[in-house]
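Chemist: Supplied structure: start_34.cif, mmCIF, C-alpha atoms.
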data_model
#
loop_
_atom_site.label_atom_id
_atom_site.label_comp_id
_atom_site.auth_asym_id
_atom_site.auth_seq_id
_atom_site.Cartn_x
_atom_site.Cartn_y
_atom_site.Cartn_z
CA MET A 26 -11.38 203.63 82.58
CA ASP A 27 -8.83 202.38 80.05
CA THR A 28 -5.11 201.99 80.81
CA GLY A 29 -4.04 204.84 78.55
CA MET A 30 -6.30 207.31 80.35
CA GLU A 31 -5.00 206.11 83.77
CA ILE A 32 -1.41 206.75 82.70
CA THR A 33 -2.29 210.21 81.37
CA MET A 34 -4.08 211.19 84.63
CA ALA A 35 -1.21 209.85 86.72
CA SER A 36 1.31 211.91 84.77
CA LYS A 37 -0.81 215.05 85.24
CA LEU A 38 -1.04 214.42 88.96
CA ARG A 39 2.75 214.01 89.21
CA ARG A 40 3.27 217.30 87.37
CA HIS A 41 1.04 219.09 89.89
CA ILE A 42 2.82 217.75 93.01
CA PRO A 43 4.11 220.82 94.90
CA ALA A 44 7.86 221.24 94.52
CA HIS A 45 8.39 221.40 98.28
CA LEU A 46 7.23 217.77 98.60
CA ALA A 47 10.02 216.47 96.39
CA PRO A 48 12.32 215.77 99.37
CA TRP A 49 9.85 213.13 100.59
CA ARG A 50 11.20 210.78 97.97
CA VAL A 51 13.28 207.98 99.46
CA SER A 52 16.78 209.24 100.17
CA PRO A 53 19.77 207.18 99.02
CA CYS A 54 21.32 207.99 102.41
CA ALA A 55 20.15 206.35 105.60
CA PHE A 56 20.80 206.54 109.31
CA ARG A 57 23.36 203.79 109.87
CA SER A 58 21.42 201.96 112.58
CA SER A 59 18.43 201.63 110.25
CA LYS A 60 20.35 199.81 107.51
CA SER A 61 19.59 196.13 107.39
CA GLU A 62 22.43 193.63 107.55
CA LEU A 63 22.66 189.98 106.65
CA LYS A 64 22.01 187.54 109.46
CA PRO A 65 25.14 185.86 110.76
CA ASN A 66 25.72 182.43 109.33
CA VAL A 67 24.72 180.27 112.27
CA ALA A 68 26.50 177.23 110.92
CA SER A 69 29.86 178.92 110.37
CA ASP A 70 29.83 181.68 112.97
CA GLY A 71 27.94 179.98 115.75
CA LEU A 72 25.88 183.16 116.11
CA ALA A 73 22.17 183.78 115.99
CA CYS A 74 20.03 186.89 116.15
CA ALA A 75 18.52 187.32 119.59
CA PRO A 76 16.83 190.08 121.60
CA LEU A 77 19.26 192.51 123.17
CA GLN A 78 18.22 191.37 126.62
CA THR A 79 19.24 187.78 125.91
CA PHE A 80 22.23 186.76 128.02
CA THR A 81 24.59 183.82 127.92
CA GLU A 82 24.45 181.44 130.84
CA GLU A 83 27.70 182.95 132.16
CA GLU A 84 26.34 186.49 131.89
CA ALA A 85 23.10 185.57 133.65
CA MET A 86 25.01 183.89 136.49
CA LEU A 87 27.28 186.90 136.92
CA LYS A 88 24.28 189.26 136.92
CA ASP A 89 22.59 187.24 139.67
CA MET A 90 25.82 187.11 141.68
CA VAL A 91 26.32 190.87 141.46
CA THR A 92 22.69 191.50 142.43
CA LYS A 93 23.16 189.39 145.56
CA PHE A 94 26.50 191.04 146.35
CA ALA A 95 25.00 194.53 146.01
CA GLN A 96 22.07 193.73 148.25
CA GLU A 97 24.01 191.89 150.93
CA ARG A 98 27.44 193.55 150.94
CA VAL A 99 26.83 197.07 149.61
CA ALA A 100 23.32 198.13 150.65
CA PRO A 101 23.99 198.16 154.43
CA PHE A 102 26.75 200.77 153.98
CA VAL A 103 25.30 203.09 151.34
CA GLN A 104 23.94 205.81 153.64
CA LYS A 105 27.02 205.79 155.86
CA MET A 106 29.42 205.98 152.90
CA ASP A 107 27.50 208.89 151.41
CA GLU A 108 27.46 210.81 154.69
CA ASN A 109 31.16 210.20 155.39
CA ALA A 110 32.26 210.53 151.76
CA LYS A 111 34.33 207.39 152.25
CA MET A 112 34.24 204.01 150.54
CA GLU A 113 33.89 201.02 152.85
CA GLU A 114 37.10 198.98 152.54
CA SER A 115 35.27 195.67 152.84
CA ILE A 116 33.25 196.52 149.73
CA VAL A 117 36.32 197.15 147.57
CA GLN A 118 37.89 194.01 148.99
CA GLY A 119 34.70 192.13 148.14
CA LEU A 120 34.75 193.43 144.56
CA PHE A 121 38.25 192.02 144.16
CA GLU A 122 37.39 188.72 145.83
CA GLN A 123 34.34 188.21 143.62
CA GLY A 124 36.37 188.87 140.47
CA LEU A 125 34.39 192.01 139.70
CA MET A 126 37.52 194.13 139.26
CA SER A 127 38.94 191.89 136.53
CA ILE A 128 35.87 190.68 134.67
CA GLU A 129 37.35 190.68 131.17
CA LEU A 130 40.94 189.89 132.15
CA GLY A 131 42.35 186.51 131.21
CA GLU A 132 42.72 183.85 133.87
CA GLU A 133 46.50 183.94 133.45
CA TYR A 134 46.43 187.37 135.09
CA GLY A 135 43.95 186.45 137.81
CA GLY A 136 40.86 187.58 135.91
CA THR A 137 37.62 185.75 135.19
CA GLY A 138 37.89 185.89 131.39
CA ALA A 139 34.26 186.93 130.95
CA SER A 140 32.74 189.13 128.24
CA PHE A 141 32.77 192.92 127.95
CA PHE A 142 28.99 192.78 128.19
CA SER A 143 29.39 191.17 131.60
CA ILE A 144 31.10 194.36 132.79
CA ILE A 145 28.07 196.36 131.67
CA LEU A 146 25.70 194.05 133.53
CA ALA A 147 27.82 194.21 136.69
CA VAL A 148 27.98 198.01 136.63
CA GLU A 149 24.24 198.26 136.06
CA GLU A 150 23.40 195.96 138.97
CA LEU A 151 25.81 197.70 141.37
CA ALA A 152 24.48 201.13 140.38
CA LYS A 153 20.95 200.10 141.31
CA VAL A 154 22.17 200.02 144.91
CA ASP A 155 25.04 202.53 144.91
CA PRO A 156 26.37 204.32 141.81
CA ALA A 157 29.62 205.16 143.66
CA VAL A 158 30.49 201.48 144.07
CA ALA A 159 29.49 200.89 140.46
CA LEU A 160 31.96 203.57 139.39
CA VAL A 161 34.85 201.81 141.14
CA CYS A 162 34.04 198.62 139.22
CA GLU A 163 33.48 200.48 135.94
CA LEU A 164 36.71 202.46 135.98
CA GLN A 165 38.84 199.48 136.96
CA ASN A 166 37.44 197.34 134.15
CA THR A 167 36.97 199.80 131.27
CA LEU A 168 40.01 202.04 131.87
CA THR A 169 42.72 200.51 134.07
CA ASN A 170 42.53 196.93 132.83
CA LYS A 171 41.88 197.86 129.21
CA LEU A 172 44.80 200.28 129.08
CA PHE A 173 47.18 197.59 130.23
CA THR A 174 45.78 194.81 128.04
CA THR A 175 45.50 196.98 124.92
CA TYR A 176 48.69 199.03 125.06
CA GLY A 177 50.93 197.52 127.74
CA THR A 178 54.16 195.69 127.03
CA GLU A 179 54.45 192.08 128.11
CA GLU A 180 56.55 193.22 131.06
CA GLN A 181 53.94 195.80 132.09
CA LYS A 182 51.20 193.20 131.83
CA ARG A 183 53.13 190.71 133.96
CA THR A 184 53.91 193.41 136.52
CA TYR A 185 50.56 195.16 136.85
CA LEU A 186 47.70 192.95 135.70
CA PRO A 187 47.99 190.45 138.59
CA ARG A 188 48.00 193.43 140.98
CA VAL A 189 44.97 195.23 139.50
CA SER A 190 43.01 191.97 139.49
CA LYS A 191 43.87 191.24 143.13
CA ASP A 192 44.04 194.39 145.26
CA THR A 193 45.32 197.49 143.40
CA LEU A 194 43.13 200.31 142.10
CA GLY A 195 44.16 202.26 139.02
CA SER A 196 43.56 205.97 138.41
CA PHE A 197 43.40 207.78 135.06
CA CYS A 198 45.00 211.26 135.14
CA LEU A 199 43.93 213.34 132.15
CA SER A 200 41.95 216.42 133.26
CA GLU A 201 43.60 219.60 134.52
CA ALA A 202 42.43 222.97 135.77
CA GLY A 203 42.64 224.42 132.27
CA SER A 204 41.77 221.33 130.26
CA GLY A 205 38.38 219.78 130.86
CA SER A 206 36.39 219.10 127.67
CA ASP A 207 39.41 220.51 125.80
CA ALA A 208 41.41 217.67 127.30
CA PHE A 209 44.35 217.81 124.93
CA SER A 210 45.35 221.34 125.86
CA LEU A 211 46.89 219.87 129.01
CA LYS A 212 50.00 221.55 130.47
CA THR A 213 51.67 218.65 132.28
CA ARG A 214 55.13 218.11 130.81
CA ALA A 215 57.46 215.10 130.61
CA GLU A 216 61.07 216.04 129.81
CA LYS A 217 63.41 213.33 128.56
CA LYS A 218 66.70 212.97 130.42
CA GLY A 219 68.70 210.06 129.05
CA ASP A 220 66.77 206.85 129.70
CA TYR A 221 64.21 208.42 132.02
CA TYR A 222 61.65 211.24 132.08
CA ILE A 223 60.93 214.05 134.56
CA ILE A 224 57.21 214.82 134.88
CA ASN A 225 55.87 218.12 136.20
CA GLY A 226 52.26 219.26 136.36
CA SER A 227 48.95 219.12 138.18
CA LYS A 228 45.84 217.07 137.51
CA MET A 229 42.29 217.70 138.72
CA TRP A 230 39.09 215.69 139.15
CA ILE A 231 40.99 212.40 139.33
CA SER A 232 38.66 209.57 140.28
CA LEU A 233 39.84 206.90 142.76
CA ALA A 234 43.04 208.89 143.42
CA GLU A 235 42.71 208.66 147.20
CA ASP A 236 43.15 204.87 147.22
CA ALA A 237 44.80 204.14 143.86
CA GLY A 238 48.08 202.24 143.74
CA VAL A 239 48.97 203.02 140.13
CA PHE A 240 48.32 206.11 137.98
CA PHE A 241 48.09 206.63 134.23
CA VAL A 242 49.52 210.10 133.76
CA MET A 243 49.00 211.96 130.49
CA ALA A 244 51.89 214.36 129.88
CA ASN A 245 53.27 216.14 126.83
CA THR A 246 56.81 215.09 125.83
CA ASP A 247 57.03 217.68 123.03
CA PRO A 248 54.80 220.77 123.37
CA SER A 249 55.78 221.92 119.87
CA LEU A 250 53.76 219.01 118.48
CA GLY A 251 50.63 220.01 120.39
CA TYR A 252 48.37 217.09 121.28
CA ARG A 253 50.59 214.77 119.20
CA GLY A 254 53.18 215.05 121.93
CA ILE A 255 50.88 213.63 124.61
CA THR A 256 52.23 210.40 126.09
CA CYS A 257 50.84 208.05 128.73
CA PHE A 258 53.09 207.12 131.67
CA VAL A 259 52.47 204.41 134.25
CA VAL A 260 53.42 205.84 137.65
CA ASP A 261 53.32 203.91 140.93
CA ARG A 262 51.78 205.67 143.91
CA ASN A 263 54.96 205.53 146.01
CA THR A 264 57.00 207.32 143.32
CA GLU A 265 58.77 210.33 144.82
CA GLY A 266 57.16 213.61 143.82
CA LEU A 267 53.65 212.23 143.20
CA GLN A 268 51.22 213.67 145.72
CA VAL A 269 47.48 213.17 146.02
CA GLY A 270 45.66 216.22 147.37
CA LYS A 271 42.59 216.62 149.53
CA LYS A 272 39.53 214.97 148.01
CA GLU A 273 36.70 217.12 146.72
CA ASP A 274 33.52 217.60 148.77
CA LYS A 275 31.07 216.61 146.06
CA LEU A 276 27.34 216.76 145.41
CA GLY A 277 27.05 213.09 144.47
CA ILE A 278 28.89 209.75 144.21
CA ARG A 279 30.51 210.92 147.41
CA ALA A 280 31.94 207.56 148.48
CA CYS A 281 34.13 207.46 145.38
CA SER A 282 37.07 209.82 145.84
CA THR A 283 37.92 212.63 143.43
CA CYS A 284 41.22 214.41 144.12
CA PRO A 285 43.86 216.66 142.59
CA VAL A 286 47.17 214.96 141.80
CA THR A 287 50.42 216.89 141.73
CA LEU A 288 53.59 215.72 139.97
CA ASP A 289 56.69 217.54 141.16
CA ASN A 290 59.85 216.38 139.38
CA VAL A 291 58.54 212.84 139.20
CA LYS A 292 61.30 210.67 137.76
CA VAL A 293 60.17 207.60 135.82
CA PRO A 294 62.11 205.21 133.57
CA GLU A 295 61.52 205.11 129.85
CA SER A 296 59.98 201.68 130.37
CA SER A 297 57.07 203.32 132.20
CA ILE A 298 55.69 204.65 128.91
CA LEU A 299 52.44 202.92 128.01
CA GLY A 300 52.38 202.21 124.31
CA GLN A 301 54.23 204.68 122.12
CA VAL A 302 55.51 208.22 122.64
CA GLY A 303 53.04 210.78 121.33
CA GLN A 304 50.12 208.36 121.10
CA GLY A 305 48.56 209.13 124.47
CA TYR A 306 45.77 211.19 122.95
CA LYS A 307 44.69 208.24 120.81
CA TYR A 308 44.70 205.94 123.81
CA ALA A 309 42.62 208.38 125.84
CA ILE A 310 40.04 208.73 123.08
CA GLY A 311 39.84 204.98 122.59
CA MET A 312 39.42 204.22 126.27
CA LEU A 313 36.85 206.96 126.84
CA ASN A 314 34.76 205.72 123.92
CA THR A 315 34.49 202.33 125.62
CA GLY A 316 34.20 203.89 129.07
CA ARG A 317 31.16 205.86 127.98
CA ILE A 318 29.24 202.62 127.60
CA GLY A 319 30.21 201.81 131.18
CA ILE A 320 28.96 205.19 132.37
CA ALA A 321 25.75 204.62 130.44
CA ALA A 322 25.33 201.37 132.38
CA GLN A 323 25.94 203.26 135.62
CA MET A 324 23.28 205.87 134.79
CA LEU A 325 20.89 203.15 133.65
CA GLY A 326 21.30 201.18 136.87
CA LEU A 327 20.99 204.33 138.95
CA ALA A 328 17.73 205.31 137.26
CA GLN A 329 16.31 201.79 137.47
CA GLY A 330 17.24 201.47 141.13
CA CYS A 331 15.53 204.74 141.95
CA PHE A 332 12.44 203.75 139.94
CA ASP A 333 12.27 200.33 141.61
CA ARG A 334 12.30 201.91 145.06
CA THR A 335 9.66 204.50 144.20
CA VAL A 336 6.89 202.73 142.31
CA PRO A 337 6.01 200.33 145.18
CA TYR A 338 5.63 203.37 147.46
CA THR A 339 3.12 204.92 145.07
CA LYS A 340 1.06 201.73 145.28
CA GLU A 341 1.12 201.76 149.08
CA ARG A 342 0.57 205.48 149.66
CA VAL A 343 -3.17 206.21 149.91
CA GLN A 344 -4.69 209.64 149.21
CA PHE A 345 -8.34 210.52 148.57
CA GLY A 346 -9.30 206.92 149.27
CA LYS A 347 -7.05 205.17 146.77
CA SER A 348 -3.39 204.54 146.11
CA VAL A 349 -1.39 207.28 144.45
CA PHE A 350 -0.52 204.83 141.67
CA ASP A 351 -4.23 204.38 140.79
CA PHE A 352 -4.59 207.98 139.63
CA GLN A 353 -4.42 208.04 135.84
CA GLY A 354 -2.19 211.09 135.80
CA MET A 355 0.37 209.22 137.89
CA GLN A 356 0.07 206.07 135.81
CA HIS A 357 0.85 208.00 132.64
CA GLN A 358 3.93 209.62 134.18
CA ILE A 359 5.21 206.30 135.50
CA ALA A 360 4.58 204.60 132.15
CA GLN A 361 6.46 207.34 130.32
CA VAL A 362 9.50 206.99 132.57
CA ALA A 363 9.39 203.18 132.30
CA THR A 364 9.46 203.52 128.51
CA GLN A 365 12.43 205.88 128.68
CA LEU A 366 14.26 203.41 130.91
CA GLU A 367 13.67 200.58 128.46
CA ALA A 368 14.92 202.72 125.56
CA ALA A 369 18.02 203.64 127.56
CA ARG A 370 18.69 199.98 128.31
CA LEU A 371 18.45 198.99 124.65
CA LEU A 372 20.80 201.81 123.60
CA THR A 373 23.32 200.75 126.23
CA TYR A 374 23.13 197.04 125.50
CA ASN A 375 23.39 197.65 121.76
CA ALA A 376 26.53 199.77 122.17
CA ALA A 377 28.02 197.14 124.46
CA ARG A 378 27.34 194.28 122.05
CA LEU A 379 28.82 196.27 119.16
CA ALA A 380 31.97 197.03 121.14
CA GLU A 381 32.23 193.42 122.25
CA ALA A 382 32.01 192.26 118.64
CA GLY A 383 34.80 194.63 117.64
CA ARG A 384 32.49 196.72 115.48
CA PRO A 385 32.54 200.56 115.36
CA ALA A 386 30.49 201.91 118.26
CA ILE A 387 31.68 205.47 118.87
CA LYS A 388 28.39 207.06 117.85
CA GLU A 389 26.35 204.44 119.65
CA ALA A 390 28.43 204.84 122.82
CA SER A 391 27.87 208.60 122.78
CA MET A 392 24.15 208.11 122.19
CA ALA A 393 23.93 205.66 125.08
CA LYS A 394 25.82 207.89 127.51
CA TYR A 395 23.93 211.04 126.50
CA PHE A 396 20.51 209.43 126.64
CA THR A 397 20.97 207.46 129.86
CA ALA A 398 22.23 210.59 131.64
CA GLU A 399 19.13 212.45 130.50
CA VAL A 400 16.86 209.58 131.52
CA ALA A 401 18.54 209.32 134.93
CA THR A 402 17.95 213.04 135.46
CA LEU A 403 14.30 212.73 134.49
CA THR A 404 13.70 209.54 136.47
CA THR A 405 15.23 210.70 139.74
CA SER A 406 13.48 214.07 139.56
CA LYS A 407 10.11 212.45 138.91
CA CYS A 408 10.66 209.88 141.66
CA ILE A 409 11.15 212.62 144.23
CA GLU A 410 7.90 214.22 143.07
CA TRP A 411 6.04 210.90 143.25
CA MET A 412 7.36 210.25 146.75
CA GLY A 413 6.27 213.69 147.91
CA GLY A 414 7.78 215.12 151.09
CA VAL A 415 9.56 211.92 152.13
CA GLY A 416 11.37 211.84 148.81
CA PHE A 417 12.93 215.16 149.70
CA THR A 418 14.42 213.82 152.92
CA LYS A 419 17.54 211.77 153.60
CA ASN A 420 15.41 209.12 155.29
CA PHE A 421 14.95 207.59 151.84
CA PRO A 422 17.68 207.06 149.21
CA ILE A 423 15.72 208.82 146.45
CA GLU A 424 17.40 212.20 146.96
CA LYS A 425 20.80 210.46 146.82
CA TYR A 426 20.03 209.03 143.40
CA TYR A 427 19.01 212.54 142.38
CA ARG A 428 22.38 213.93 143.51
CA ASP A 429 24.37 211.02 142.10
CA CYS A 430 22.94 211.26 138.59
CA LYS A 431 24.18 214.77 137.82
CA ILE A 432 27.75 213.63 137.21
CA GLY A 433 26.50 211.55 134.27
CA THR A 434 26.13 214.69 132.17
CA ILE A 435 29.69 215.76 133.01
CA TYR A 436 32.38 213.10 133.27
CA GLU A 437 33.88 211.02 130.46
CA GLY A 438 32.63 213.69 128.07
CA THR A 439 29.85 216.18 128.83
CA SER A 440 26.43 215.81 127.23
CA ASN A 441 27.29 218.57 124.77
CA ILE A 442 30.46 216.72 123.78
CA GLN A 443 28.37 213.58 123.18
CA LEU A 444 25.96 215.52 120.99
CA SER A 445 28.85 216.98 118.99
CA THR A 446 30.27 213.49 118.48
CA ILE A 447 26.90 212.15 117.34
CA ALA A 448 26.45 215.08 114.95
CA LYS A 449 29.91 214.50 113.50
CA PHE A 450 28.99 210.95 112.54
CA LEU A 451 25.60 212.00 111.20
CA ALA A 452 27.32 214.55 108.94
CA GLN A 453 29.47 211.76 107.52
CA GLU A 454 26.53 209.39 107.06
CA TYR A 455 24.42 211.92 105.17
#
Any chance you could give the structure as structure tokens?

Modeler:
Amino acid sequence: MDTGMEITMASKLRRHIPAHLAPWRVSPCAFRSSKSELKPNVASDGLACAPLQTFTEEEAMLKDMVTKFAQERVAPFVQKMDENAKMEESIVQGLFEQGLMSIELGEEYGGTGASFFSIILAVEELAKVDPAVALVCELQNTLTNKLFTTYGTEEQKRTYLPRVSKDTLGSFCLSEAGSGSDAFSLKTRAEKKGDYYIINGSKMWISLAEDAGVFFVMANTDPSLGYRGITCFVVDRNTEGLQVGKKEDKLGIRACSTCPVTLDNVKVPESSILGQVGQGYKYAIGMLNTGRIGIAAQMLGLAQGCFDRTVPYTKERVQFGKSVFDFQGMQHQIAQVATQLEAARLLTYNAARLAEAGRPAIKEASMAKYFTAEVATLTTSKCIEWMGGVGFTKNFPIEKYYRDCKIGTIYEGTSNIQLSTIAKFLAQEY
């Protein structure tokens, strides 16, 4: 066949392509994560491309240390803490002593000066043993410490950072009875009186409130401005008028306290403002975006810990003359969950590395939190099924993982909020 005839036939074929197939042409738009980027210049940047599960020597050492700490110092108290809904004091003390409450803080403030990714590894390892303990570490590092280092004055840093790295828990007070996902409709008010403010309002679902020594209180200084009037105040626990209520009797993460906090004519100096007046909403958004990666690590560790405790049982449990694991139907289920876990880990690590590098990671953080919460739900549910009757009892920790994971779809932005955030970015990208 000559070339001219080939061209003619090709043009006829193109003319007869159904119109509805036209969209299959390559789109000029692309999902951001799929766009290729130049490799870093190894000579000038000192960077090299590496698998996401490649750690620095410092990160690997910290991971091993946390694993040992969780097994030796946390594991013996997990069941007792869950039953009593009370955190073991020696564990919190141990977290401080090991530097796990100030991982990213500079040494001048008593911190270890490690990477943000190290926080993610620590939270993941702790959550494998007890997600409640992991939450204490996560909140202290991704909220309390970051708020002070990012927005605090030099005086606030000198005053509080040595304390929060040594023995003082922080507590973030944003949610209220009428403002959950719609966080910026909060009603707590801060009225200016000369060189001080009077704060009045009530907060709900405040994590670590029972034992916290310092509170970040979001209050509106000018309701006429709406959310643009929201300001963050640093309030010490012993401040007159601040009262922590009875802790909630929760389904999961029971050892980590969640309490209402009431502010009744709380008088604080103007110097207690964190950052600038009216910028509190920006600070909250920024911190929660980073915190979501921490929660993703918590859910990832939780799911992995549950999986690690269950699979060996399926290999030991014998039915119909062979181990439960040897049934192909079981193998396929276990393989599917293992794949989901690996995908969740890569999403979480990727978001963490992006944040650590100072690159935009809001969408990736939401993806990681959303997906790991879903995977934790799937994993813990399947593990109970694989364990059979014993998985349904409190004699094994599997049912605790199942209870603990539910909060992952709720706090620091519900799963629906994460999906809305992801969709918002997709709309911009396409």

Chemist: Using 10 Å as the limit and counting all atoms listed in the file, can you tabulate each residue of stretch 343-365 of chain A that touches stretch 394-405 of chain A, with its shortest atom-to-atom distance in Å and the two atoms involved, as JSON lines?

Modeler:
{"residue": "A:Ile359", "atom": "CA", "partner": "A:Thr404", "partner_atom": "CA", "distance": 9.1}
{"residue": "A:Gln361", "atom": "CA", "partner": "A:Thr404", "partner_atom": "CA", "distance": 9.8}
{"residue": "A:Val362", "atom": "CA", "partner": "A:Thr404", "partner_atom": "CA", "distance": 6.3}
{"residue": "A:Ala363", "atom": "CA", "partner": "A:Thr404", "partner_atom": "CA", "distance": 8.7}
{"residue": "A:Gln365", "atom": "CA", "partner": "A:Val400", "partner_atom": "CA", "distance": 6.4}

Chemist: From the set A:Gln301, A:Ser200, A:Thr167, A:Ser210, which residue has the shortest atom-to-atom contact distance to A:Thr283, counting only C-alpha atoms?

Modeler: A:Ser200

Chemist: Specify as a list in words each residue included when the PyMOL selection byres ((chain A and resi 248) around 10) is applied to this file.

Modeler: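 Matching residues under the PyMOL selection byres ((chain A and resi 248) around 10) are Ser210, Leu211, Lys212, Thr213, Arg214, Ala215, Ala244, Asn245, Thr246, Asp247, Ser249, Leu250, Gly251, Tyr252, Arg253, Gly254 and Ile255 of chain A.
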
Chemist: Residues at most 8 Å from stretch 96-101 of chain A, counting all atoms listed in the file, excluding those fewer than 6 positions away in the same chain, as a PDB file with C-alpha atoms, in the frame of the given file?

Modeler:
ATOM      1  CA  ILE A 116      33.250 196.520 149.730  1.00  0.00           C
ATOM      2  CA  GLY A 119      34.700 192.130 148.140  1.00  0.00           C
ATOM      3  CA  VAL A 154      22.170 200.020 144.910  1.00  0.00           C
ATOM      4  CA  ASP A 155      25.040 202.530 144.910  1.00  0.00           C
ATOM      5  CA  VAL A 158      30.490 201.480 144.070  1.00  0.00           C
TER       6      VAL A 158
END

Chemist: Mind giving me the straight-line distance from atom CA of A:Glu108 to atom CA of A:Lys153 in Å, one decimal?

Modeler: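 For atom CA of A:Glu108 relative to atom CA of A:Lys153, the distance reads 18.3 Å.
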